[in-house]
Every structure is written in C-alpha cells, then in structure tokens.
Amino acid sequence: MSAILLAGFGGQGILFAGKQLVLAGMKIGKEISWLPSYGPEMRGGTCNCSVNIDDEPIGSPLVTAPDILIAMNKPSLLKFEGKVVKDGVIIIDSSLVDVKTSRDDVNAYYIPATQLANDAGISKLANVIVLGYLIKKTGLYDADYFMECIKASAPKAKPELGELNAKALQIGYDYE
Amino acid sequence: MGEKLLMKGNEAIAEAAIRSGCKLFFGYPITPQTELAEYMAKQMPKRGGLSLQAESEVAAINMVLGAASTGARVITSSSSPGISLKSEGISYIIGSDLPCVIVNVQRGGPGLGGIQPAQSDYNQATKALGHGDGHAIVLAPNSVQEIATLVGEAFDLADIYRMPCMILADGALGQMMEPVDFEAKPAREIPEKDWACCGHGGKRVHNIVNSLYIEPEKLEEIVNERFERYRKLEENEVKYEEYLTEDADIILVSYGITARIAKTAVRNARKMGIKAGLFRPITLYPFPKKQLMALAEKTNCFLSVEMNMGQMVNDVKLAIECKKPVYHYGRTGGMIPSPEEILQKIQEYSGGNA
C-alpha cells in the first residue's frame, strides 16, 4: 500500500511523474488511482497529484496522509510535510527548496534534481530524475522493470523521448 | 476481459458512449468536464460520428433535441452552471419523450461557484432538471470502471423508457485516472423507434415530435402515461450496492466518489469494532426506497454523506418514513470529505462506543 503525493509548480511534470507510477502499477495488476489537483492555469501556479497503489480496491482517491511526499518546490514542502505519516518518506528537490523538512519522524531524502537535469542537458526532466531517486530509496518497483516502463512511456512518434527519460531515471537512481 | 486502459473518467464517458453506438455529441466546454468534449472532437470524426462545439449550452441541448427526434443516439455533457443553462431544453426533451444522455460533471456552486468536485446538483438532477411534471433517469457511477458499464446502460434505459438519462458525476471522477476495461455489456432489447422523425419516402403518415398540448385534458393524459413509465422504472430498474449492511448498527448512505471515501471510513470503523455499513444508490432516480426501508427495520440509524449541505438526506428520510434517525455529513464548495472526518461522525452517531 502506497499513498503518494507529488507536488510542485505547474509545468514541472508532476502529473506526468504520477502517471508513470500508476501505469507501472497497473501493468503488474495493482489497484491504482491518479487524481490531479486541477486548476484554471496550464503553467505556473501550484500543482499536485494524488497517487494510490494498493492490493485492495482504492477508496478515497484523494491522498490526505501520504506515505511518500515528493516536494518539487518550497511551498509544496511547507504545505504538505505535516500530512506525511510517521516513518513516511519525503523526497525533496534541494535545488529549488532551500530548507530542510521540520519533521524528525520521517525519512527525508534530498536530491538537487533540477540542477542535475540542467547539467545533463535535459532541463525538463527533473521529475523523472526524482522518480529514479524514489525507486532507489523506497524500492517501490524493481529498478529494471520501472526502467522498461519509463522507456515505453514515450509516444510512438517520438521514441527518442523514451531514451531521454531513461537517461534521467538513471541519473536519479545513481545519485549518491 | 479486454485490455485494461488507463483513462480519465471524462474520457471513459466519451469512449463508452461511442462504443454504445452514439454517433452525435453536442457540447460546450466547461471545467471540469472539458476532456469529454476534447475526446469526442478527436474520436468522433475518425469513427463515423459527429462532434460539434455549439455556440452555447442552450444551443447544444437544442441540437440534442433535434438529433434525438430522429431516433439517433446522442449525448451532451457539461458541468453545473452549464446544466442550469440546458434546463429549458431538457424539459422540452422530457415533454417530447425523447431518449438522450446528458452528463453533469458537477462542480461547486451556486452561481459560477468553483471548479472543484461537488454533489450539490443532486436536487436539481433528481427533482427538477427542468420545469414541469417530469424526471430524467439519473445514474451515479463511482469509478472509471463503472462509468464504462453505466454509460451503455444509460443509452439503453433512455431508449427503452423514451426519456433522457443523466450521468451524474463530479469533478474528481471526471479528472481521475483509473484502469478501465471496456468489456461489452450484455445487450438489452431496444424497442423499435417507430416514433422517430426520419425519411420514409412517403410510405407512412409523418411523425411529429412535440411538447405543446393546448388541451389540458390531453396534456394530463400524456403526463399520466409518462408517470406510468416512471412507475415501471422504479419497479424494474433500481440499482444499488450494499456493503456490510447485514448486521450494521449505522448505515452510511452515499453515492458516486463520496461512497468510496465512505467505504474506507466503514472499513476503518469495523476495525474499531463499530458495526457500520454502506448503502450506495446507483440510480438516484429512481431512488432505491424499498431497499432502504428494508434496512430501516434492522439498523439503528443512517448517515447520509454527500458533497453538499444536505440534499439526498431528505430522500433517505422519505424512503424510510423517518422510522430511524437520519443524519447528514457533508462538505461543500469543492471540498472533498476525508475518511477520517467521516469516521469521526460514525463514532459520534453510533453512540461513541468502541
């Protein structure tokens, strides 16, 4: 059972990252749900996404007490860190968040995902870098299996995007 | 079992409609329903149908009236404020005995309200979709998978009973993605549409579709005949789900997405030793009155959980003729209740024991 909350700015690929997590779950027969916080704007503003991956049918699709929080910006960390369950996981993009979490009863992991993405020339893929780091730290999915899922996520017309996502996932997985 | 697809509720409504033989979509964009119109615009032309963005909701519903008059399967969709705009047309469709499917992906109101999920159009949907003595069938799916079967059922019911059928969803159900398997639902026998206004090469007397009857005697007769069909609906087509109601001391009554949150709360209550159960109406009109009355004999009280200030709660009271206390818990304006909040109410109303 994993209730995951992904949060950040609109345009960071929060919804895409959440979708990859549920797609991977669906393919191995898990019960899953994906619920975006939808707003009137396409870019900017805040954005979050509730993801449930479970063996039992999903009740509420809204994640109010996440096992895992992915905070891609500071407002998201401040808004949601208090809701994470005890002994839960918080993953933070430390290139955009200049503080540490105030929680001392959770496992917090910091990765400068946006910086790593920029350095690798894949500036839009900090979201996938974070997913790689998530897989490593939590073992949510088998690393090789999730790599295959990420490669398959690209539209057929643009297979090169699959390779870029794979590169980003590897960077996240290899961090530290 | 077919292949499982990952889809938004809005997209699943559109796909299920196309698979049910619907060839015509008339709509106007509004959050949180727009993916439905977008899907139709993309898919209909490729699959031998037509998707048209009208100049307004009023125009769209009147196009539905025209298309339905020919016997074609037709659908329109909107969200709360847009449904209010359609209400005149819906009344005309009811008055003309035309089948069609109308989707309301509810958002917070009144007025322009907000764009987050709500269930505050329950009264409108079940009591007064338009003026006059009349109803539409109202179905309330609670998952993307259930959408896939209920949309086909909506078209069948509309055709069989010659009346509009509303799919009453909400912003959360419309926006969320879940796996969906478009397994073919068992086909129902659809009566021939010998009332339809379509070309016949002068072989018969022409049909007229109309909702104007100047003679009160005639109009009363027609309304009475329609209510006979409502009675048959109530006798034959009521749908609901029961969960742990058999021995329940407190029964939650909830529909749509809220019923799932209520189910989680019921499960947690059971873990604490509280005998809670859930009754989920799937048809909101006709409302499962008999089934609730039967439960009223066994349980201590009911708790209606809705995303509104208390609408369905009144139908529960009527259904059980106030034999047992009926409480209400709701959030409104686009707020979604949490399982914890609902559990707290269960504890409160079940006597605070355990």
# chains A, B, ... in the order shown; residues from 1 in each chain; ligands from 1
>>> interface_residues(of="chain A", to="chain B", cutoff="8 Å", atoms="only C-alpha atoms", output="ChimeraX atom specification")
/A:23,26,32-36,38-39,58-61,64
>>> residues_around(residues="stretch 160-162 of chain B", least_positions_apart="4", cutoff="12 Å", atoms="only C-alpha atoms", output="PDB file with N, CA and C atoms, in the first residue's frame")
ATOM      1  N   ALA B  68     -32.195  13.750 -31.319  1.00  0.00           N
ATOM      2  CA  ALA B  68     -32.932  12.669 -30.657  1.00  0.00           C
ATOM      3  C   ALA B  68     -34.271  12.432 -31.360  1.00  0.00           C
ATOM      4  N   SER B  69     -34.846  13.480 -31.925  1.00  0.00           N
ATOM      5  CA  SER B  69     -36.130  13.354 -32.635  1.00  0.00           C
ATOM      6  C   SER B  69     -36.046  12.390 -33.820  1.00  0.00           C
ATOM      7  N   GLY B  71     -34.308   9.687 -33.717  1.00  0.00           N
ATOM      8  CA  GLY B  71     -34.056   8.348 -33.205  1.00  0.00           C
ATOM      9  C   GLY B  71     -32.584   8.019 -33.042  1.00  0.00           C
ATOM     10  N   ARG B  73     -28.808   7.978 -31.413  1.00  0.00           N
ATOM     11  CA  ARG B  73     -28.236   8.044 -30.060  1.00  0.00           C
ATOM     12  C   ARG B  73     -27.377   9.301 -29.974  1.00  0.00           C
ATOM     13  N   ILE B  93     -37.199  18.117 -23.905  1.00  0.00           N
ATOM     14  CA  ILE B  93     -36.868  16.731 -24.281  1.00  0.00           C
ATOM     15  C   ILE B  93     -37.735  15.758 -23.482  1.00  0.00           C
ATOM     16  N   ILE B  94     -37.907  16.050 -22.185  1.00  0.00           N
ATOM     17  CA  ILE B  94     -38.782  15.210 -21.354  1.00  0.00           C
ATOM     18  C   ILE B  94     -40.215  15.275 -21.897  1.00  0.00           C
ATOM     19  N   GLY B  95     -40.660  16.497 -22.200  1.00  0.00           N
ATOM     20  CA  GLY B  95     -42.023  16.700 -22.696  1.00  0.00           C
ATOM     21  C   GLY B  95     -42.255  16.085 -24.061  1.00  0.00           C
ATOM     22  N   SER B  96     -41.172  15.876 -24.808  1.00  0.00           N
ATOM     23  CA  SER B  96     -41.297  15.280 -26.144  1.00  0.00           C
ATOM     24  C   SER B  96     -41.031  13.774 -26.122  1.00  0.00           C
ATOM     25  N   ASP B  97     -40.784  13.215 -24.921  1.00  0.00           N
ATOM     26  CA  ASP B  97     -40.487  11.778 -24.778  1.00  0.00           C
ATOM     27  C   ASP B  97     -39.315  11.327 -25.641  1.00  0.00           C
ATOM     28  N   LEU B  98     -38.221  12.059 -25.548  1.00  0.00           N
ATOM     29  CA  LEU B  98     -37.057  11.714 -26.370  1.00  0.00           C
ATOM     30  C   LEU B  98     -35.940  11.121 -25.516  1.00  0.00           C
ATOM     31  N   PRO B  99     -35.299  10.054 -26.038  1.00  0.00           N
ATOM     32  CA  PRO B  99     -34.153   9.486 -25.331  1.00  0.00           C
ATOM     33  C   PRO B  99     -32.865  10.235 -25.676  1.00  0.00           C
ATOM     34  N   CYS B 100     -32.030  10.458 -24.678  1.00  0.00           N
ATOM     35  CA  CYS B 100     -30.693  11.002 -24.906  1.00  0.00           C
ATOM     36  C   CYS B 100     -29.934  10.851 -23.602  1.00  0.00           C
ATOM     37  N   VAL B 101     -28.635  11.084 -23.649  1.00  0.00           N
ATOM     38  CA  VAL B 101     -27.835  11.036 -22.422  1.00  0.00           C
ATOM     39  C   VAL B 101     -27.236  12.414 -22.172  1.00  0.00           C
ATOM     40  N   HIS B 135     -39.261  13.887 -15.044  1.00  0.00           N
ATOM     41  CA  HIS B 135     -37.982  13.432 -14.498  1.00  0.00           C
ATOM     42  C   HIS B 135     -37.072  12.975 -15.621  1.00  0.00           C
ATOM     43  N   ALA B 136     -35.809  12.820 -15.264  1.00  0.00           N
ATOM     44  CA  ALA B 136     -34.887  12.061 -16.098  1.00  0.00           C
ATOM     45  C   ALA B 136     -34.361  10.935 -15.218  1.00  0.00           C
ATOM     46  N   ILE B 137     -33.969   9.841 -15.844  1.00  0.00           N
ATOM     47  CA  ILE B 137     -33.285   8.785 -15.090  1.00  0.00           C
ATOM     48  C   ILE B 137     -31.940   9.362 -14.673  1.00  0.00           C
ATOM     49  N   GLU B 153     -25.597   1.501 -20.282  1.00  0.00           N
ATOM     50  CA  GLU B 153     -26.893   1.275 -19.648  1.00  0.00           C
ATOM     51  C   GLU B 153     -27.767   2.532 -19.768  1.00  0.00           C
ATOM     52  N   ALA B 154     -27.139   3.699 -19.653  1.00  0.00           N
ATOM     53  CA  ALA B 154     -27.886   4.964 -19.759  1.00  0.00           C
ATOM     54  C   ALA B 154     -28.564   5.079 -21.127  1.00  0.00           C
ATOM     55  N   PHE B 155     -27.817   4.748 -22.183  1.00  0.00           N
ATOM     56  CA  PHE B 155     -28.412   4.807 -23.528  1.00  0.00           C
ATOM     57  C   PHE B 155     -29.561   3.806 -23.662  1.00  0.00           C
ATOM     58  N   ASP B 156     -29.347   2.593 -23.133  1.00  0.00           N
ATOM     59  CA  ASP B 156     -30.391   1.565 -23.225  1.00  0.00           C
ATOM     60  C   ASP B 156     -31.651   1.995 -22.474  1.00  0.00           C
ATOM     61  N   ARG B 188     -29.317  -5.090 -24.241  1.00  0.00           N
ATOM     62  CA  ARG B 188     -30.730  -5.165 -23.871  1.00  0.00           C
ATOM     63  C   ARG B 188     -31.573  -4.991 -25.123  1.00  0.00           C
ATOM     64  N   GLU B 189     -32.766  -5.478 -25.032  1.00  0.00           N
ATOM     65  CA  GLU B 189     -33.638  -5.361 -26.198  1.00  0.00           C
ATOM     66  C   GLU B 189     -34.190  -3.943 -26.271  1.00  0.00           C
ATOM     67  N   ILE B 190     -33.925  -3.293 -27.392  1.00  0.00           N
ATOM     68  CA  ILE B 190     -34.352  -1.912 -27.556  1.00  0.00           C
ATOM     69  C   ILE B 190     -35.585  -1.889 -28.466  1.00  0.00           C
ATOM     70  N   PRO B 191     -36.689  -1.301 -28.018  1.00  0.00           N
ATOM     71  CA  PRO B 191     -37.881  -1.271 -28.875  1.00  0.00           C
ATOM     72  C   PRO B 191     -37.620  -0.453 -30.147  1.00  0.00           C
ATOM     73  N   GLU B 192     -38.319  -0.796 -31.174  1.00  0.00           N
ATOM     74  CA  GLU B 192     -38.164  -0.068 -32.435  1.00  0.00           C
ATOM     75  C   GLU B 192     -38.612   1.385 -32.252  1.00  0.00           C
ATOM     76  N   LYS B 193     -37.898   2.298 -32.862  1.00  0.00           N
ATOM     77  CA  LYS B 193     -38.221   3.720 -32.685  1.00  0.00           C
ATOM     78  C   LYS B 193     -39.203   4.169 -33.772  1.00  0.00           C
ATOM     79  N   ASP B 194     -40.425   3.669 -33.670  1.00  0.00           N
ATOM     80  CA  ASP B 194     -41.412   3.961 -34.721  1.00  0.00           C
ATOM     81  C   ASP B 194     -41.988   5.374 -34.596  1.00  0.00           C
ATOM     82  N   TRP B 195     -41.529   6.095 -33.567  1.00  0.00           N
ATOM     83  CA  TRP B 195     -41.956   7.473 -33.362  1.00  0.00           C
ATOM     84  C   TRP B 195     -41.000   8.480 -33.998  1.00  0.00           C
ATOM     85  N   ALA B 196     -39.843   7.977 -34.476  1.00  0.00           N
ATOM     86  CA  ALA B 196     -38.770   8.883 -34.914  1.00  0.00           C
ATOM     87  C   ALA B 196     -39.152   9.639 -36.190  1.00  0.00           C
ATOM     88  N   GLU B 225     -49.416   9.113 -18.587  1.00  0.00           N
ATOM     89  CA  GLU B 225     -48.786   7.989 -19.285  1.00  0.00           C
ATOM     90  C   GLU B 225     -47.281   7.972 -18.966  1.00  0.00           C
ATOM     91  N   ARG B 226     -46.694   9.147 -18.912  1.00  0.00           N
ATOM     92  CA  ARG B 226     -45.258   9.250 -18.626  1.00  0.00           C
ATOM     93  C   ARG B 226     -44.989   8.776 -17.194  1.00  0.00           C
ATOM     94  N   PHE B 227     -45.848   9.137 -16.288  1.00  0.00           N
ATOM     95  CA  PHE B 227     -45.641   8.706 -14.895  1.00  0.00           C
ATOM     96  C   PHE B 227     -45.825   7.203 -14.733  1.00  0.00           C
ATOM     97  N   GLU B 228     -46.608   6.609 -15.614  1.00  0.00           N
ATOM     98  CA  GLU B 228     -46.718   5.152 -15.618  1.00  0.00           C
ATOM     99  C   GLU B 228     -45.351   4.547 -15.954  1.00  0.00           C
ATOM    100  N   ARG B 229     -44.616   5.198 -16.875  1.00  0.00           N
ATOM    101  CA  ARG B 229     -43.268   4.719 -17.201  1.00  0.00           C
ATOM    102  C   ARG B 229     -42.308   4.938 -16.018  1.00  0.00           C
ATOM    103  N   TYR B 230     -42.468   6.048 -15.305  1.00  0.00           N
ATOM    104  CA  TYR B 230     -41.629   6.267 -14.107  1.00  0.00           C
ATOM    105  C   TYR B 230     -41.875   5.154 -13.082  1.00  0.00           C
ATOM    106  N   ARG B 231     -43.166   4.746 -12.983  1.00  0.00           N
ATOM    107  CA  ARG B 231     -43.500   3.694 -12.032  1.00  0.00           C
ATOM    108  C   ARG B 231     -42.810   2.379 -12.425  1.00  0.00           C
ATOM    109  N   LYS B 232     -42.816   2.085 -13.717  1.00  0.00           N
ATOM    110  CA  LYS B 232     -42.165   0.866 -14.198  1.00  0.00           C
ATOM    111  C   LYS B 232     -40.657   0.917 -13.959  1.00  0.00           C
ATOM    112  N   LEU B 233     -40.096   2.097 -14.168  1.00  0.00           N
ATOM    113  CA  LEU B 233     -38.664   2.298 -13.904  1.00  0.00           C
ATOM    114  C   LEU B 233     -38.358   1.915 -12.457  1.00  0.00           C
ATOM    115  N   GLU B 234     -39.184   2.455 -11.549  1.00  0.00           N
ATOM    116  CA  GLU B 234     -38.952   2.226 -10.128  1.00  0.00           C
ATOM    117  C   GLU B 234     -39.107   0.748  -9.777  1.00  0.00           C
ATOM    118  N   ASN B 236     -38.527  -1.812 -11.917  1.00  0.00           N
ATOM    119  CA  ASN B 236     -37.603  -2.710 -12.623  1.00  0.00           C
ATOM    120  C   ASN B 236     -36.149  -2.279 -12.699  1.00  0.00           C
ATOM    121  N   GLU B 237     -35.867  -1.023 -12.488  1.00  0.00           N
ATOM    122  CA  GLU B 237     -34.528  -0.552 -12.850  1.00  0.00           C
ATOM    123  C   GLU B 237     -33.704   0.026 -11.710  1.00  0.00           C
TER     124      GLU B 237
END
>>> select_by_dssp(residues="stretch 13-157 of chain A", states="helix (DSSP H, G or I)", output="ChimeraX atom specification")
/A:14-27,74-83,113-119,126-138,143-151
>>> write_last_selection(atoms="N, CA and C atoms", output="compact mmCIF listing (two decimals), in the first residue's frame")
# COMPACT_ATOMS: atom_id res chain seq x y z
N ILE A 14 4.74 17.18 -12.83
CA ILE A 14 4.23 16.49 -11.64
C ILE A 14 3.20 15.42 -12.05
N LEU A 15 2.27 15.81 -12.92
CA LEU A 15 1.20 14.89 -13.31
C LEU A 15 1.77 13.73 -14.13
N PHE A 16 2.75 14.05 -14.99
CA PHE A 16 3.40 13.01 -15.80
C PHE A 16 4.07 11.99 -14.89
N ALA A 17 4.81 12.49 -13.90
CA ALA A 17 5.53 11.58 -12.99
C ALA A 17 4.54 10.68 -12.26
N GLY A 18 3.44 11.25 -11.81
CA GLY A 18 2.42 10.46 -11.12
C GLY A 18 1.85 9.40 -12.03
N LYS A 19 1.63 9.78 -13.28
CA LYS A 19 1.05 8.84 -14.24
C LYS A 19 1.99 7.64 -14.49
N GLN A 20 3.30 7.91 -14.52
CA GLN A 20 4.25 6.80 -14.73
C GLN A 20 4.17 5.81 -13.57
N LEU A 21 4.00 6.35 -12.35
CA LEU A 21 3.91 5.47 -11.18
C LEU A 21 2.68 4.57 -11.24
N VAL A 22 1.53 5.13 -11.63
CA VAL A 22 0.32 4.30 -11.67
C VAL A 22 0.32 3.34 -12.86
N LEU A 23 0.88 3.79 -13.98
CA LEU A 23 0.94 2.90 -15.16
C LEU A 23 1.77 1.66 -14.82
N ALA A 24 2.89 1.86 -14.14
CA ALA A 24 3.75 0.74 -13.78
C ALA A 24 3.00 -0.20 -12.83
N GLY A 25 2.19 0.37 -11.95
CA GLY A 25 1.41 -0.45 -11.01
C GLY A 25 0.33 -1.22 -11.73
N MET A 26 -0.34 -0.56 -12.66
CA MET A 26 -1.44 -1.19 -13.39
C MET A 26 -0.95 -2.42 -14.16
N LYS A 27 0.24 -2.29 -14.76
CA LYS A 27 0.76 -3.39 -15.59
C LYS A 27 1.06 -4.64 -14.78
N LYS A 74 9.39 24.73 -2.66
CA LYS A 74 9.30 25.02 -1.22
C LYS A 74 7.86 25.13 -0.72
N PRO A 75 6.97 25.83 -1.46
CA PRO A 75 5.59 25.90 -0.96
C PRO A 75 4.96 24.52 -0.77
N SER A 76 5.31 23.59 -1.65
CA SER A 76 4.76 22.23 -1.56
C SER A 76 5.25 21.53 -0.30
N LEU A 77 6.54 21.70 0.00
CA LEU A 77 7.09 21.07 1.20
C LEU A 77 6.38 21.63 2.43
N LEU A 78 6.29 22.96 2.49
CA LEU A 78 5.71 23.60 3.68
C LEU A 78 4.24 23.21 3.83
N LYS A 79 3.54 23.10 2.69
CA LYS A 79 2.11 22.81 2.75
C LYS A 79 1.82 21.36 3.16
N PHE A 80 2.64 20.44 2.68
CA PHE A 80 2.27 19.02 2.83
C PHE A 80 3.12 18.22 3.82
N GLU A 81 4.28 18.74 4.28
CA GLU A 81 5.16 17.90 5.11
C GLU A 81 4.46 17.43 6.38
N GLY A 82 3.56 18.28 6.90
CA GLY A 82 2.87 17.93 8.14
C GLY A 82 1.88 16.79 7.98
N LYS A 83 1.51 16.48 6.74
CA LYS A 83 0.50 15.45 6.50
C LYS A 83 1.09 14.06 6.32
N ALA A 113 17.57 17.80 -8.03
CA ALA A 113 17.11 17.22 -9.30
C ALA A 113 17.14 18.24 -10.44
N THR A 114 16.67 19.44 -10.17
CA THR A 114 16.63 20.44 -11.24
C THR A 114 18.04 20.77 -11.72
N GLN A 115 18.99 20.88 -10.77
CA GLN A 115 20.38 21.14 -11.13
C GLN A 115 20.97 19.98 -11.94
N LEU A 116 20.72 18.77 -11.49
CA LEU A 116 21.22 17.58 -12.20
C LEU A 116 20.66 17.53 -13.62
N ALA A 117 19.38 17.89 -13.76
CA ALA A 117 18.75 17.87 -15.08
C ALA A 117 19.38 18.91 -15.99
N ASN A 118 19.59 20.11 -15.45
CA ASN A 118 20.21 21.18 -16.25
C ASN A 118 21.62 20.77 -16.68
N ASP A 119 22.40 20.20 -15.74
CA ASP A 119 23.78 19.80 -16.03
C ASP A 119 23.82 18.74 -17.14
N ALA A 126 13.64 16.92 -14.57
CA ALA A 126 13.91 16.79 -13.12
C ALA A 126 12.89 15.86 -12.49
N ASN A 127 11.66 15.86 -13.02
CA ASN A 127 10.62 14.98 -12.47
C ASN A 127 11.01 13.51 -12.56
N VAL A 128 11.58 13.12 -13.70
CA VAL A 128 11.95 11.71 -13.88
C VAL A 128 13.20 11.37 -13.05
N ILE A 129 14.10 12.35 -12.92
CA ILE A 129 15.27 12.15 -12.04
C ILE A 129 14.79 11.83 -10.62
N VAL A 130 13.80 12.57 -10.16
CA VAL A 130 13.25 12.33 -8.83
C VAL A 130 12.63 10.93 -8.73
N LEU A 131 11.98 10.50 -9.81
CA LEU A 131 11.41 9.15 -9.80
C LEU A 131 12.50 8.09 -9.63
N GLY A 132 13.64 8.29 -10.33
CA GLY A 132 14.76 7.35 -10.21
C GLY A 132 15.25 7.27 -8.78
N TYR A 133 15.34 8.44 -8.14
CA TYR A 133 15.81 8.51 -6.76
C TYR A 133 14.78 7.85 -5.83
N LEU A 134 13.50 8.06 -6.13
CA LEU A 134 12.41 7.45 -5.34
C LEU A 134 12.49 5.93 -5.37
N ILE A 135 12.70 5.39 -6.58
CA ILE A 135 12.77 3.94 -6.74
C ILE A 135 13.94 3.38 -5.93
N LYS A 136 15.07 4.09 -5.98
CA LYS A 136 16.24 3.62 -5.25
C LYS A 136 16.00 3.65 -3.74
N LYS A 137 15.41 4.73 -3.26
CA LYS A 137 15.28 4.90 -1.81
C LYS A 137 14.15 4.06 -1.21
N THR A 138 13.13 3.78 -2.01
CA THR A 138 11.96 3.09 -1.44
C THR A 138 11.76 1.68 -1.97
N ALA A 143 13.87 -1.89 -10.12
CA ALA A 143 14.51 -0.82 -10.91
C ALA A 143 14.48 -1.13 -12.41
N ASP A 144 14.78 -2.35 -12.78
CA ASP A 144 14.82 -2.71 -14.21
C ASP A 144 13.42 -2.65 -14.81
N TYR A 145 12.44 -3.13 -14.02
CA TYR A 145 11.06 -3.10 -14.50
C TYR A 145 10.61 -1.66 -14.74
N PHE A 146 10.89 -0.79 -13.77
CA PHE A 146 10.44 0.59 -13.92
C PHE A 146 11.16 1.29 -15.07
N MET A 147 12.41 0.92 -15.29
CA MET A 147 13.16 1.47 -16.44
C MET A 147 12.46 1.12 -17.75
N GLU A 148 12.01 -0.12 -17.86
CA GLU A 148 11.28 -0.53 -19.07
C GLU A 148 9.99 0.29 -19.22
N CYS A 149 9.30 0.51 -18.11
CA CYS A 149 8.06 1.28 -18.15
C CYS A 149 8.33 2.71 -18.63
N ILE A 150 9.40 3.30 -18.11
CA ILE A 150 9.72 4.69 -18.47
C ILE A 150 10.08 4.79 -19.96
N LYS A 151 10.83 3.79 -20.43
CA LYS A 151 11.20 3.81 -21.86
C LYS A 151 9.94 3.72 -22.74
>>> select_by_dssp(residues="stretch 11-116 of chain A", states="strand (DSSP E or B)", output="number ranges by chain")
A: 31-36, 46-54, 68-71, 89-93, 107-111
>>> residues_around(residues="B:Gly334", least_positions_apart="6", cutoff="9 Å", atoms="only C-alpha atoms", output="PyMOL selection string")
chain B and resi 107-109+113-119+171+307
>>> residues_around(residues="B:Ile282", least_positions_apart="3", cutoff="12 Å", atoms="only C-alpha atoms", output="MDAnalysis selection string")
chainID B and resid 137:143 146:147 149:150 153:154 166:169 237:242 253:257 259 279 285:288
>>> closest_residue(among="B:Ile13, B:Ala184, B:Lys46, B:Gly132", to="B:Ile102", atoms="only C-alpha atoms")
B:Ile13
>>> closest_residue(among="B:Gly27, B:Leu252, B:Ile75, B:Glu15", to="B:Ala158", atoms="only C-alpha atoms")
B:Ile75
>>> residues_around(residues="A:Val84", least_positions_apart="5", cutoff="9 Å", atoms="only C-alpha atoms", output="MDAnalysis selection string")
chainID A and resid 64:69 89:90 106
